[in-house]
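First up is the structure itself, then whatever we jot down about it.
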Number of protein chains: 2
Amino acid sequence: MKSKGIFDDPYRRGRLLSADCPSRQILRHVTSRWGLLVLIVLRTGTHRFSALRDQIEGVSERMLAQTLQALESDGFVSRVSLPVVPPHVEYSLTPLGEEICDRVEGLADWIETNLPRLLQAQRQAAE
Amino acid sequence: MKSKGIFDDPYRRGRLLSADCPSRQILRHVTSRWGLLVLIVLRTGTHRFSALRDQIEGVSERMLAQTLQALESDGFVSRVSLPVVPPHVEYSLTPLGEEICDRVEGLADWIETNLPRLLQAQRQAAE
DNA sequence: CGGAATCCAAGATGATACTG
DNA sequence: CAGTATCATCTTGGATTCCG
């Protein structure tokens, strides 16, 4: 009888090129249109819902709520609801969220810093 | 008469939190569902269209072509079409593409490596 | 204040068929 | 082989309204 140890699990480490790799879902959450921006803002500390909405220009309340839920369900964001009226809810990064935010911010910072080069490359590629 | 120097351009460096920052578009291209995977595969060397399609499980030819065009127009991917029949087209990373791929792969690798932790965090967050 | 619910517009994606 | 064209579908996103 063959034993089925943990080493038989093909996803002990992710394989992004496989269609059914769970990494793809997580990746889509953190690289989603608003997910990445939420992480970046939360990296600067705890924020309330309205503060996030105001800092992330262009996000709707609907998408912000949806994005926060996805990040929370992945364990990247912690949600603390204070039982007061009017409601007061605070969002912050979990330790896991801080770790992934390092990588996310590395990407975002590189683009922001190199934007002049990037815009020039776009013009050149358009020729 | 006021001179309009390059320092007047608010986007000499990007500001991702601004709705109209060009960085957002570039970011969406490289973090798109297939864009990220294309970059990762091209990091291993030059590939033909069909090779990319085969390696990136689940991508359709339509989306692959569209993704490659976006990355090419941003200056991340170089497209070389050999004038033979049947057609032979080779894709590779530009120097700019390699630079950004460092960051993209950093993120992807972290997720793949930490997938076990991530899946456990998901279960815990679901409680 | 922080959402949830609903409806609708816009965009992303896919299957298929077709072409140089 | 490497796409493009077309159509159908699914997802994303936004505006509005309502609620505890």
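Residues in the structure tokens are numbered from 1 in each chain, the chains being A, B, ... in the order shown, and ligands are numbered from 1 in the order shown.
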
Which residues are close to D:DT9, i.e. within 12 Å by only C-alpha atoms (C1' of nucleotides), leaving aside same-chain residues fewer than 5 positions away? Reply as a PyMOL selection string. chain C and resi 12-15

Take the residues just selected and output them with C-alpha atoms (C1' of nucleotides) as a tab-separated table (two decimals), in the first residue's frame.
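And here's result25.tsv as it stands now:
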```tsv
chain	number	residue	atom	x	y	z
C	12	DA	C1'	-11.41	41.01	-20.52
C	13	DT	C1'	-11.54	36.43	-22.15
C	14	DG	C1'	-12.54	32.42	-24.97
C	15	DA	C1'	-14.12	29.42	-29.04
```

Matching each Cα of chain B to its counterpart in chain A by order, what RMSD results from the least-squares fit?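 In short, the RMSD is 0.2 Å.
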
Could you pull out the residues in chain A that DSSP calls strand (DSSP E) from the backbone, as an MDAnalysis selection string? chainID A and resid 47:48 77:82 88:93

Per DSSP on the backbone, what are the helix (DSSP H, G or I) residues of chain B, as a ChimeraX atom specification? /B:6-8,23-30,35-42,49-55,61-73,95-113,115-126

Show me, as a tab-separated table, the residues of chain A having an atom within 7 Å of chain B, each with the closest atom pair and its distance in Å, using only C-alpha atoms.
```
residue	atom	partner	partner_atom	distance
A:Arg12	CA	B:Pro116	CA	5.9
A:Arg13	CA	B:Thr113	CA	5.4
A:Gly14	CA	B:Glu112	CA	4.0
A:Arg15	CA	B:Glu112	CA	6.5
A:Leu17	CA	B:Ile56	CA	5.3
A:Ser18	CA	B:Glu57	CA	5.5
A:Ala19	CA	B:Glu57	CA	5.1
A:Ser23	CA	B:Glu112	CA	6.2
A:Arg28	CA	B:Arg33	CA	6.8
A:Thr31	CA	B:Thr31	CA	5.7
A:Arg33	CA	B:Arg28	CA	6.8
A:Gln55	CA	B:Leu17	CA	6.7
A:Ile56	CA	B:Leu17	CA	5.3
A:Glu57	CA	B:Ala19	CA	5.1
A:Gly58	CA	B:Ala19	CA	5.5
A:Glu72	CA	B:Ala125	CA	7.0
A:Ser73	CA	B:Ala125	CA	5.4
A:Asp74	CA	B:Gln122	CA	4.7
A:Gly75	CA	B:Ala121	CA	5.2
A:Arg103	CA	B:Leu107	CA	5.0
A:Val104	CA	B:Leu107	CA	6.5
A:Gly106	CA	B:Arg103	CA	6.2
A:Leu107	CA	B:Arg103	CA	5.1
A:Ile111	CA	B:Ser23	CA	6.4
A:Glu112	CA	B:Gly14	CA	4.0
A:Thr113	CA	B:Arg13	CA	5.4
A:Leu115	CA	B:Arg13	CA	5.8
A:Pro116	CA	B:Arg12	CA	5.8
A:Ala121	CA	B:Gly75	CA	5.2
A:Gln122	CA	B:Asp74	CA	4.7
A:Ala125	CA	B:Ser73	CA	5.4
A:Ala126	CA	B:Ser73	CA	6.2
```
